[in-house]
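Below is work.txt, which holds compact mmCIF, C-alpha atoms and all ligand atoms.
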# COMPACT_ATOMS: atom_id res chain seq x y z
CA MET K 9 -205.00 46.68 -39.70
CA PRO K 10 -208.40 45.08 -40.23
CA LEU K 11 -209.79 46.83 -43.33
CA GLU K 12 -212.95 47.94 -41.48
CA ALA K 13 -210.57 50.32 -39.61
CA LEU K 14 -210.31 52.29 -42.88
CA ARG K 15 -213.42 54.05 -41.53
CA SER K 16 -211.36 56.12 -39.06
CA ASP K 17 -209.22 59.12 -40.03
CA THR K 18 -206.82 58.09 -37.26
CA THR K 19 -206.05 54.43 -36.62
CA PRO K 20 -205.94 53.52 -32.92
CA PRO K 21 -202.81 51.62 -31.82
CA GLY K 22 -203.99 48.02 -31.67
CA LEU K 23 -205.66 48.41 -35.07
CA HIS K 24 -202.60 50.05 -36.71
CA TYR K 25 -200.42 47.42 -38.43
CA VAL K 26 -197.20 46.37 -36.74
CA LEU K 27 -194.05 45.12 -38.42
CA THR K 28 -190.96 44.06 -36.48
CA HIS K 29 -188.02 42.24 -38.05
CA PHE K 30 -186.69 41.00 -34.70
CA ASP K 31 -188.09 41.23 -31.12
CA ILE K 32 -189.69 44.27 -29.52
CA PRO K 33 -186.97 45.61 -27.23
CA PHE K 34 -188.01 46.63 -23.71
CA ILE K 35 -186.39 49.98 -23.01
CA ASP K 36 -186.09 51.72 -19.68
CA ALA K 37 -186.65 55.35 -20.74
CA GLU K 38 -184.91 56.62 -17.57
CA HIS K 39 -181.59 55.26 -18.77
CA TRP K 40 -182.14 55.63 -22.51
CA HIS K 41 -180.24 58.24 -24.57
CA LEU K 42 -180.31 59.31 -28.19
CA TRP K 43 -176.83 59.86 -29.66
CA ILE K 44 -176.29 62.20 -32.63
CA GLY K 45 -172.90 62.30 -34.28
CA GLY K 46 -170.80 61.46 -37.33
CA ALA K 47 -170.10 64.23 -39.86
CA VAL K 48 -171.32 67.05 -37.60
CA GLN K 49 -169.63 69.94 -35.81
CA ARG K 50 -171.04 69.07 -32.37
CA SER K 51 -171.93 65.51 -31.45
CA PHE K 52 -174.27 65.15 -28.44
CA GLU K 53 -176.55 62.88 -26.41
CA LEU K 54 -180.11 63.64 -25.33
CA SER K 55 -182.28 62.09 -22.65
CA LEU K 56 -186.02 61.62 -23.24
CA ARG K 57 -186.63 64.49 -20.82
CA ALA K 58 -184.43 66.80 -22.92
CA LEU K 59 -186.26 65.76 -26.10
CA LEU K 60 -189.62 66.50 -24.46
CA ARG K 61 -188.41 70.07 -23.84
CA ALA K 62 -187.37 70.66 -27.49
CA PRO K 63 -189.73 72.27 -30.04
CA SER K 64 -192.31 69.79 -31.30
CA ILE K 65 -194.63 69.23 -34.25
CA THR K 66 -197.71 67.03 -34.59
CA LEU K 67 -198.81 65.55 -37.89
CA PRO K 68 -200.95 62.71 -39.24
CA VAL K 69 -199.01 60.28 -41.43
CA THR K 70 -200.10 57.18 -43.35
CA LEU K 71 -197.51 54.43 -42.93
CA GLU K 72 -197.59 51.43 -45.24
CA CYS K 73 -195.30 48.41 -45.26
CA ALA K 74 -193.44 48.03 -48.56
CA GLY K 75 -194.55 44.38 -48.59
CA ASN K 76 -198.26 45.15 -48.24
CA GLY K 77 -200.25 42.89 -50.60
CA ARG K 78 -197.38 40.53 -51.26
CA SER K 79 -199.27 37.35 -50.38
CA LEU K 80 -201.62 38.07 -53.33
CA LEU K 81 -198.70 37.74 -55.80
CA ARG K 82 -197.85 34.60 -57.81
CA PRO K 83 -195.22 33.31 -57.34
CA ARG K 84 -195.69 34.20 -53.71
CA PRO K 85 -192.69 35.99 -52.14
CA LEU K 86 -191.53 34.62 -48.79
CA SER K 87 -191.78 37.22 -46.04
CA GLN K 88 -194.42 38.77 -43.82
CA PRO K 89 -197.56 37.48 -45.60
CA TRP K 90 -199.61 40.63 -45.78
CA VAL K 91 -202.91 40.49 -47.62
CA LEU K 92 -203.80 44.21 -47.65
CA GLU K 93 -203.68 45.13 -43.97
CA GLY K 94 -200.13 46.51 -43.76
CA VAL K 95 -201.21 50.14 -43.43
CA GLY K 96 -202.44 52.67 -40.87
CA THR K 97 -202.62 56.39 -40.15
CA ALA K 98 -201.53 57.80 -36.82
CA VAL K 99 -200.96 61.31 -35.48
CA TRP K 100 -197.30 61.57 -34.51
CA THR K 101 -195.81 64.17 -32.15
CA GLY K 102 -192.12 64.79 -31.69
CA VAL K 103 -189.06 66.86 -32.47
CA PRO K 104 -188.34 67.77 -36.11
CA LEU K 105 -185.21 65.86 -37.11
CA ALA K 106 -183.98 68.97 -38.98
CA TYR K 107 -183.96 70.91 -35.69
CA LEU K 108 -181.53 68.47 -34.05
CA LEU K 109 -179.39 68.10 -37.18
CA THR K 110 -179.09 71.89 -37.38
CA ARG K 111 -178.11 72.01 -33.70
CA ALA K 112 -175.42 69.41 -34.40
CA GLY K 113 -174.21 71.33 -37.48
CA VAL K 114 -174.12 69.01 -40.50
CA GLU K 115 -170.76 69.09 -42.36
CA ASP K 116 -170.77 70.16 -46.02
CA ASP K 117 -169.71 66.74 -47.32
CA ALA K 118 -172.62 64.88 -45.63
CA VAL K 119 -174.62 62.66 -48.01
CA GLU K 120 -176.80 60.47 -45.79
CA VAL K 121 -177.99 60.01 -42.23
CA VAL K 122 -178.26 56.52 -40.71
CA PHE K 123 -180.76 55.68 -37.97
CA THR K 124 -180.18 52.67 -35.72
CA GLY K 125 -182.77 50.93 -33.55
CA ALA K 126 -182.21 49.07 -30.28
CA ASP K 127 -183.59 45.81 -31.75
CA ALA K 128 -181.11 43.20 -32.91
CA GLY K 129 -181.18 39.84 -34.64
CA SER K 130 -179.98 37.96 -37.68
CA GLN K 131 -181.37 38.29 -41.21
CA GLY K 132 -179.92 36.83 -44.41
CA GLY K 133 -177.15 35.33 -42.26
CA VAL K 134 -176.11 38.80 -41.09
CA ALA K 135 -176.09 39.74 -37.38
CA GLN K 136 -177.38 43.30 -37.11
CA GLN K 137 -179.26 46.00 -35.33
CA TYR K 138 -182.14 47.31 -37.45
CA ALA K 139 -180.77 50.37 -39.26
CA ARG K 140 -181.79 52.45 -42.26
CA SER K 141 -180.48 55.63 -43.87
CA LEU K 142 -182.02 58.65 -45.60
CA PRO K 143 -180.42 60.97 -48.16
CA ILE K 144 -179.42 64.24 -46.43
CA GLU K 145 -182.07 66.27 -48.37
CA GLU K 146 -184.81 63.98 -47.04
CA ALA K 147 -183.41 64.08 -43.49
CA LEU K 148 -183.58 67.90 -43.55
CA ARG K 149 -187.25 68.03 -44.64
CA PRO K 150 -189.27 69.98 -42.05
CA ASP K 151 -191.87 67.19 -41.66
CA VAL K 152 -189.52 64.31 -40.78
CA VAL K 153 -190.10 63.76 -37.07
CA LEU K 154 -188.51 62.00 -34.12
CA ALA K 155 -191.77 60.93 -32.53
CA TYR K 156 -192.37 60.23 -28.83
CA ARG K 157 -196.18 60.33 -29.02
CA MET K 158 -198.69 58.40 -31.14
CA ASN K 159 -202.29 59.67 -31.20
CA GLY K 160 -201.58 61.82 -28.14
CA ALA K 161 -200.17 59.09 -25.87
CA ASP K 162 -196.65 57.72 -25.24
CA LEU K 163 -195.53 55.41 -28.04
CA PRO K 164 -196.74 51.85 -27.38
CA PRO K 165 -193.86 49.31 -27.11
CA GLN K 166 -194.63 47.80 -30.53
CA HIS K 167 -194.50 51.18 -32.30
CA GLY K 168 -191.05 52.19 -31.04
CA TYR K 169 -191.12 53.35 -27.39
CA PRO K 170 -189.55 55.66 -26.34
CA LEU K 171 -188.62 57.28 -29.69
CA ARG K 172 -188.99 56.51 -33.38
CA LEU K 173 -188.38 58.19 -36.69
CA VAL K 174 -191.39 58.95 -38.92
CA VAL K 175 -190.65 59.72 -42.58
CA PRO K 176 -193.89 60.92 -44.22
CA GLY K 177 -194.38 59.58 -47.75
CA TRP K 178 -191.81 56.77 -47.51
CA TYR K 179 -192.65 53.11 -47.08
CA GLY K 180 -192.55 52.08 -43.42
CA MET K 181 -189.05 50.56 -43.41
CA ALA K 182 -187.57 54.09 -43.32
CA SER K 183 -189.34 54.96 -40.06
CA VAL K 184 -186.88 53.33 -37.64
CA LYS K 185 -188.40 52.39 -34.26
CA TRP K 186 -186.66 52.19 -30.83
CA LEU K 187 -184.17 54.76 -32.07
CA THR K 188 -180.81 54.88 -30.27
CA SER K 189 -178.45 56.69 -32.65
CA ILE K 190 -178.38 59.09 -35.58
CA LYS K 191 -175.15 59.28 -37.54
CA VAL K 192 -174.39 61.67 -40.40
CA LEU K 193 -172.37 59.95 -43.15
CA THR K 194 -170.13 61.18 -45.95
CA LYS K 195 -170.66 57.93 -47.93
CA PRO K 196 -173.90 56.06 -48.72
CA TYR K 197 -174.87 53.55 -46.01
CA ASP K 198 -174.52 49.92 -47.10
CA GLY K 199 -176.10 48.05 -44.17
CA PHE K 200 -178.33 45.00 -44.74
CA GLN K 201 -181.72 46.75 -44.56
CA GLN K 202 -180.45 49.33 -47.09
CA ALA K 203 -178.36 47.37 -49.58
CA VAL K 204 -180.01 43.92 -49.46
CA ALA K 205 -183.48 43.87 -47.90
CA TYR K 206 -185.54 46.73 -49.31
CA ARG K 207 -184.83 46.51 -53.04
CA TYR K 208 -186.92 46.14 -56.19
CA GLN K 209 -185.31 43.01 -57.70
CA HIS K 210 -185.99 40.59 -60.55
CA ASP K 211 -184.42 37.67 -58.67
CA ALA K 212 -182.19 36.89 -55.69
CA GLU K 213 -178.99 37.79 -57.59
CA ASP K 214 -180.25 41.15 -58.88
CA PRO K 215 -178.85 44.04 -56.76
CA GLY K 216 -182.02 45.92 -57.74
CA THR K 217 -183.01 49.49 -56.94
CA PRO K 218 -183.91 50.95 -53.54
CA VAL K 219 -187.47 51.00 -52.18
CA THR K 220 -188.34 54.59 -51.23
CA TRP K 221 -191.64 56.46 -51.67
CA ILE K 222 -195.07 54.88 -51.17
CA LYS K 223 -196.82 54.14 -54.46
CA VAL K 224 -200.40 55.25 -54.98
CA ARG K 225 -203.01 52.89 -53.48
CA SER K 226 -206.67 52.90 -52.50
CA LEU K 227 -208.56 50.43 -50.34
CA MET K 228 -212.27 49.94 -49.69
CA VAL K 229 -214.00 49.20 -46.40
CA PRO K 230 -215.43 45.76 -47.23
CA PRO K 231 -219.21 46.32 -47.41
CA GLY K 232 -221.78 44.11 -45.66
CA VAL K 233 -220.64 41.19 -43.52
CA PRO K 234 -218.05 38.47 -44.23
CA ASP K 235 -218.51 34.81 -44.99
CA PHE K 236 -216.32 33.17 -42.32
CA PHE K 237 -214.28 30.87 -44.54
CA THR K 238 -214.00 32.61 -47.95
CA ARG K 239 -214.09 36.19 -46.56
CA SER K 240 -216.39 37.14 -49.48
CA ARG K 241 -219.00 39.72 -48.47
CA ILE K 242 -222.76 39.31 -48.02
CA LEU K 243 -225.19 42.21 -48.17
CA PRO K 244 -228.88 42.85 -48.75
CA PRO K 245 -230.10 44.47 -52.01
CA GLY K 246 -230.58 48.24 -52.01
CA PRO K 247 -228.53 51.41 -51.62
CA VAL K 248 -225.16 51.17 -49.90
CA MET K 249 -222.40 53.78 -49.51
CA LEU K 250 -219.05 52.36 -50.59
CA THR K 251 -216.23 54.09 -48.71
CA GLY K 252 -212.47 53.83 -48.38
CA ARG K 253 -209.14 55.65 -48.28
CA ALA K 254 -206.43 56.50 -50.78
CA TRP K 255 -202.84 57.70 -50.37
CA SER K 256 -199.56 58.16 -52.21
CA GLY K 257 -196.06 59.27 -51.26
CA GLN K 258 -195.42 60.54 -54.79
CA GLY K 259 -198.00 63.32 -55.11
CA ALA K 260 -201.48 64.06 -53.80
CA VAL K 261 -204.27 61.63 -54.71
CA GLN K 262 -206.19 63.20 -57.59
CA ARG K 263 -208.93 60.68 -58.22
CA VAL K 264 -210.34 57.37 -57.15
CA ASP K 265 -212.40 55.28 -59.54
CA VAL K 266 -214.70 52.58 -58.25
CA GLY K 267 -215.29 49.53 -60.42
CA ILE K 268 -218.51 47.57 -60.21
CA ASP K 269 -218.32 44.41 -62.28
CA GLY K 270 -215.62 46.09 -64.38
CA LYS K 271 -217.52 49.36 -65.02
CA TRP K 272 -215.62 52.33 -63.58
CA ALA K 273 -216.91 55.66 -62.22
CA ALA K 274 -215.21 58.46 -60.26
CA ALA K 275 -215.75 58.48 -56.48
CA HIS K 276 -216.20 61.61 -54.34
CA LEU K 277 -212.84 62.50 -52.81
CA GLU K 278 -212.18 64.43 -49.58
CA HIS K 279 -209.09 66.45 -48.71
CA PRO K 280 -206.48 64.66 -46.59
CA ALA K 281 -205.68 66.03 -43.10
CA ALA K 282 -202.02 66.48 -44.17
CA PRO K 283 -200.00 65.94 -47.38
CA PHE K 284 -198.98 62.39 -46.39
CA ALA K 285 -202.16 61.27 -44.64
CA TRP K 286 -204.74 59.20 -46.50
CA CYS K 287 -207.89 60.83 -47.88
CA ALA K 288 -211.42 59.49 -47.65
CA TRP K 289 -213.48 58.60 -50.73
CA SER K 290 -217.08 57.50 -51.15
CA MET K 291 -219.43 56.30 -53.84
CA PRO K 292 -223.11 55.35 -53.58
CA TRP K 293 -224.14 52.02 -55.07
CA VAL K 294 -227.51 50.37 -55.45
CA ALA K 295 -226.79 46.69 -54.95
CA ASP K 296 -228.94 44.40 -57.08
CA PRO K 297 -229.29 40.69 -56.28
CA GLY K 298 -226.52 38.44 -57.56
CA GLU K 299 -222.74 38.07 -57.49
CA HIS K 300 -220.60 41.20 -57.93
CA GLU K 301 -216.98 42.27 -57.94
CA LEU K 302 -216.11 45.67 -56.44
CA SER K 303 -212.77 47.39 -56.87
CA CYS K 304 -211.12 50.78 -56.44
CA ARG K 305 -208.26 52.45 -58.27
CA ALA K 306 -206.44 55.68 -57.34
CA THR K 307 -204.42 58.13 -59.46
CA ASP K 308 -201.94 60.62 -57.96
CA ALA K 309 -200.59 64.02 -59.04
CA SER K 310 -197.54 62.39 -60.67
CA GLY K 311 -199.97 60.62 -63.05
CA ALA K 312 -199.27 57.24 -61.45
CA VAL K 313 -202.28 54.92 -61.37
CA GLN K 314 -202.73 51.56 -59.66
CA PRO K 315 -202.15 48.63 -62.02
CA LEU K 316 -205.09 46.34 -62.87
CA GLU K 317 -202.86 43.27 -62.88
CA PRO K 318 -200.22 42.52 -60.23
CA GLU K 319 -196.65 43.53 -61.10
CA TRP K 320 -194.45 40.93 -59.45
CA ASN K 321 -190.91 41.49 -58.15
CA TYR K 322 -188.71 39.10 -56.19
CA GLN K 323 -189.67 40.25 -52.68
CA GLY K 324 -193.12 41.57 -53.59
CA MET K 325 -192.09 45.14 -52.69
CA GLY K 326 -194.14 48.21 -53.50
CA ASN K 327 -196.96 46.32 -55.19
CA ASN K 328 -200.18 48.34 -55.46
CA VAL K 329 -202.54 46.30 -57.61
CA VAL K 330 -206.23 47.29 -57.38
CA GLN K 331 -208.17 45.59 -54.60
CA ARG K 332 -211.02 43.29 -55.70
CA ILE K 333 -213.85 42.31 -53.37
CA LYS K 334 -216.37 39.54 -54.11
CA VAL K 335 -219.86 40.42 -52.96
CA SER K 336 -223.05 38.29 -52.82
CA VAL K 337 -226.20 40.41 -52.75
CA ALA K 338 -229.17 38.43 -51.44
N1 LIG K 401 -186.04 49.33 -35.25
C1 LIG K 401 -186.91 48.92 -36.17
N2 LIG K 401 -187.59 49.84 -36.87
C2 LIG K 401 -188.48 49.45 -37.81
C3 LIG K 401 -188.68 48.08 -38.11
C4 LIG K 401 -187.95 47.12 -37.35
O1 LIG K 401 -188.08 45.92 -37.53
N3 LIG K 401 -187.07 47.59 -36.39
N4 LIG K 401 -189.56 47.72 -39.11
C5 LIG K 401 -189.79 48.74 -40.14
C6 LIG K 401 -190.84 48.39 -41.05
S1 LIG K 401 -190.46 47.28 -42.28
C7 LIG K 401 -192.07 49.01 -41.04
S2 LIG K 401 -193.20 48.69 -42.23
C8 LIG K 401 -192.41 49.98 -39.97
C9 LIG K 401 -193.67 49.57 -39.26
O2 LIG K 401 -194.01 50.49 -38.27
P1 LIG K 401 -195.18 50.13 -37.25
O3 LIG K 401 -194.93 48.75 -36.74
O4 LIG K 401 -195.18 51.19 -36.22
O5 LIG K 401 -196.45 50.17 -38.07
O6 LIG K 401 -191.38 50.09 -39.00
C10 LIG K 401 -190.08 50.10 -39.53
N5 LIG K 401 -189.15 50.40 -38.48
MO MO K 402 -192.31 47.08 -43.72
What would the structure in this file look like if it were written as structure tokens?
Ligand SMILES: Nc1nc2c(c(=O)[nH]1)N[C@H]1C(S)=C(S)[C@@H](COP(=O)(O)O)O[C@H]1N2
Ligand SMILES: [Mo]
Amino acid sequence: MPLEALRSDTTPPGLHYVLTHFDIPFIDAEHWHLWIGGAVQRSFELSLRALLRAPSITLPVTLECAGNGRSLLRPRPLSQPWVLEGVGTAVWTGVPLAYLLTRAGVEDDAVEVVFTGADAGSQGGVAQQYARSLPIEEALRPDVVLAYRMNGADLPPQHGYPLRLVVPGWYGMASVKWLTSIKVLTKPYDGFQQAVAYRYQHDAEDPGTPVTWIKVRSLMVPPGVPDFFTRSRILPPGPVMLTGRAWSGQGAVQRVDVGIDGKWAAAHLEHPAAPFAWCAWSMPWVADPGEHELSCRATDASGAVQPLEPEWNYQGMGNNVVQRIKVSVA
């Protein structure tokens, strides 16, 4: 997502970031079915038409890739080389997952639910379909949605047509696209995307800990206009309104501080449209001629605050270092 799109509450598809491990599958919705089974009393299949008739909810959710910002780390992890654009906020409509799980009747010894997408490939030498699990308590949250609409229209192919999971507050990897099956498990899922890929690790051998909730982050709409090659910003002297967004999966954003040449002051913060949608912030600045560095730093209700220096891990997961923007005022 180009950072100038931080201006909109809702990110249009086409500006919303896209991450796909394999290819985008082309699915004929007429012949597509969602299967729900495993440790349930009644396993069943649903067509898209049947899902469209089920009760629905609509909610705005900020999705962020767990690898967002990883290309700014040293040493630089090898994967999707996000700078800071791996984020977006869309309004998702669909069937609450809890509604279908309740209809299926989850057995008492259930511990997790695994979601499998139609996309397949090979990663880390392992042939697989993209699949991720959630702990049963998370799967039964009322705001976890099986979405068939994004911003009021059918899901675009790249965002999971005809159906995807959306897990508010979790990094994007949990929100499985092109969903084909939902299986309730009595043992933790140990598939590649769960046990190997999305881990906080010191090195390749470290089994690490799972990547889950989105860490607190804020980003600024880059002010002025860019210099083509360096991407530093150019703006005329005088008053300018600095604006941006902040979000966290671990508790509401409580404050955003804006740093101008290392001097911090609290920004004005607006309420988010929903608990896991980003909130807008703003801060007036009178730009005086010369070179400046602008930054922003959010704190959430858990007390977590963005680090001033990057905290590296092997795959560059969950990093949330403060953004720094070089500005020439002339
Ligand atoms: N089936 C499937 N679901 C997937 C993925 C994928 O590769 N295949 N990528 C995941 C990752 S890592 C992220 S960050 C989000 C991105 O969702 P978006 O492309 O709609 O922004 O989808 C998740 N769901
Ligand atoms: Mo991701």
Kindly compile the residues surrounding ligand MO 402 (chain K) within 12 Å, counting all atoms listed in the file, and format them as an MDAnalysis selection string. chainID K and resid 25:29 71:78 87:90 93:96 138 140 178:185 201 205:207 219:220 222 323:326
From the list K:Val99, K:Tyr156, K:Val261, K:Val229, which residue is nearest Pro10 in chain K when using all atoms listed in the file?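 Using all atoms listed in the file, Pro10 in chain K sits closest to K:Val229.
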Do you know which residues are at most 9 Å from range 292-297 of chain K counting all atoms listed in the file, after dropping those on the same chain fewer than 4 positions away, and could you put them as a list in words?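 Result of the neighbour search: Leu243, Pro244, Pro245, Gly246, Pro247, Val248, Met249, Leu250, Thr251, Ile268, Ala275, Ser336, Val337 and Ala338 of chain K.
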Keeping only C-alpha atoms, take the residues you just selected and write them out as an mmCIF file, in the frame of the given file.
data_model
loop_
_atom_site.group_PDB
_atom_site.id
_atom_site.type_symbol
_atom_site.label_atom_id
_atom_site.label_comp_id
_atom_site.auth_asym_id
_atom_site.auth_seq_id
_atom_site.Cartn_x
_atom_site.Cartn_y
_atom_site.Cartn_z
ATOM 1 C CA LEU K 243 -225.190 42.210 -48.170
ATOM 2 C CA PRO K 244 -228.880 42.850 -48.750
ATOM 3 C CA PRO K 245 -230.100 44.470 -52.010
ATOM 4 C CA GLY K 246 -230.580 48.240 -52.010
ATOM 5 C CA PRO K 247 -228.530 51.410 -51.620
ATOM 6 C CA VAL K 248 -225.160 51.170 -49.900
ATOM 7 C CA MET K 249 -222.400 53.780 -49.510
ATOM 8 C CA LEU K 250 -219.050 52.360 -50.590
ATOM 9 C CA THR K 251 -216.230 54.090 -48.710
ATOM 10 C CA ILE K 268 -218.510 47.570 -60.210
ATOM 11 C CA ALA K 275 -215.750 58.480 -56.480
ATOM 12 C CA SER K 336 -223.050 38.290 -52.820
ATOM 13 C CA VAL K 337 -226.200 40.410 -52.750
ATOM 14 C CA ALA K 338 -229.170 38.430 -51.440
#
Check the smallest atom-to-atom distance from each of K:Pro63, K:Gly133, K:Pro170, K:Pro83 to ligand LIG 401 (chain K) using all atoms listed in the file, then report the winner.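 Among the listed residues, the smallest separation from ligand LIG 401 (chain K) belongs to K:Pro170.
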Could you jot down the CA of Ile190 in chain K to CA of Ile144 in chain K separation for me, Å, one decimal place?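 These two atoms are separated by 12.1 Å.
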What separation in Å, quoted to one decimal, exists between CA of Ser290 in chain K and CA of Leu277 in chain K?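 Atom-to-atom, CA of Ser290 in chain K and CA of Leu277 in chain K are spaced 6.8 Å apart.
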Quick check, in Å to one decimal: how far apart do CA of Pro143 in chain K and CA of Trp221 in chain K lie?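 Taking CA of Pro143 in chain K and CA of Trp221 in chain K, their separation equals 12.6 Å.
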Considering all atoms listed in the file, can you say which of K:Ala106, K:Leu142, K:Ala254, K:Ala288 comes closest to Phe123 in chain K?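 Comparing K:Ala106, K:Leu142, K:Ala254, K:Ala288 against Phe123 in chain K, the winner is K:Leu142.
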Compile a residue-level contact table for range 140-236 of chain K against range 298-304 of chain K at a cut-off of 8 Å, reporting for every qualifying residue the shortest atom pair and its distance in Å to one decimal, with all atoms listed in the file counted, rows ordered by chain and ascending number, as a Markdown table.
| residue | atom | partner | partner_atom | distance |
| --- | --- | --- | --- | --- |
| K:Ser226 | CA | K:Cys304 | CA | 6.3 |
| K:Leu227 | CA | K:Cys304 | CA | 6.6 |
| K:Met228 | CA | K:Cys304 | CA | 6.9 |
Let's have the selection written as a short mmCIF file (atom, residue, chain, number, x, y, z; two decimals), keeping the file's coordinate frame, with C-alpha atoms.
data_model
loop_
_atom_site.label_atom_id
_atom_site.label_comp_id
_atom_site.auth_asym_id
_atom_site.auth_seq_id
_atom_site.Cartn_x
_atom_site.Cartn_y
_atom_site.Cartn_z
CA SER K 226 -206.67 52.90 -52.50
CA LEU K 227 -208.56 50.43 -50.34
CA MET K 228 -212.27 49.94 -49.69
#
Nearest to Tyr197 in chain K by atom-to-atom distance, counting only C-alpha atoms, from K:Ala139, K:Leu42, K:Ala161, K:Val264: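 Of K:Ala139, K:Leu42, K:Ala161, K:Val264, the one nearest Tyr197 in chain K, counting only C-alpha atoms, is K:Ala139.
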Hey, which of K:Pro231, K:Gly45, K:Gly125, K:Gly102 ends up closest to ligand LIG 401 (chain K)? Count only C-alpha atoms and all ligand atoms.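 Using only C-alpha atoms and all ligand atoms, the shortest distance to ligand LIG 401 (chain K) belongs to K:Gly125.
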Nearest-residue call for Arg57 in chain K, choices K:Pro280, K:Asp214, K:Thr194, K:Leu171, using all atoms listed in the file: K:Leu171
Centre, x/y/z edge lengths, axis-aligned box for ligand LIG 401 (chain K) with 4 Å per side, as JSON:
{"center_x": -191.2, "center_y": 48.6, "center_z": -38.8, "size_x": 18.4, "size_y": 13.3, "size_z": 15.0}
Long-range neighbours of Gln137 in chain K as a PyMOL selection string, 10 Å cut-off, all atoms listed in the file, 6 positions minimum in chain: chain K and resi 29-30+124-131+199-201
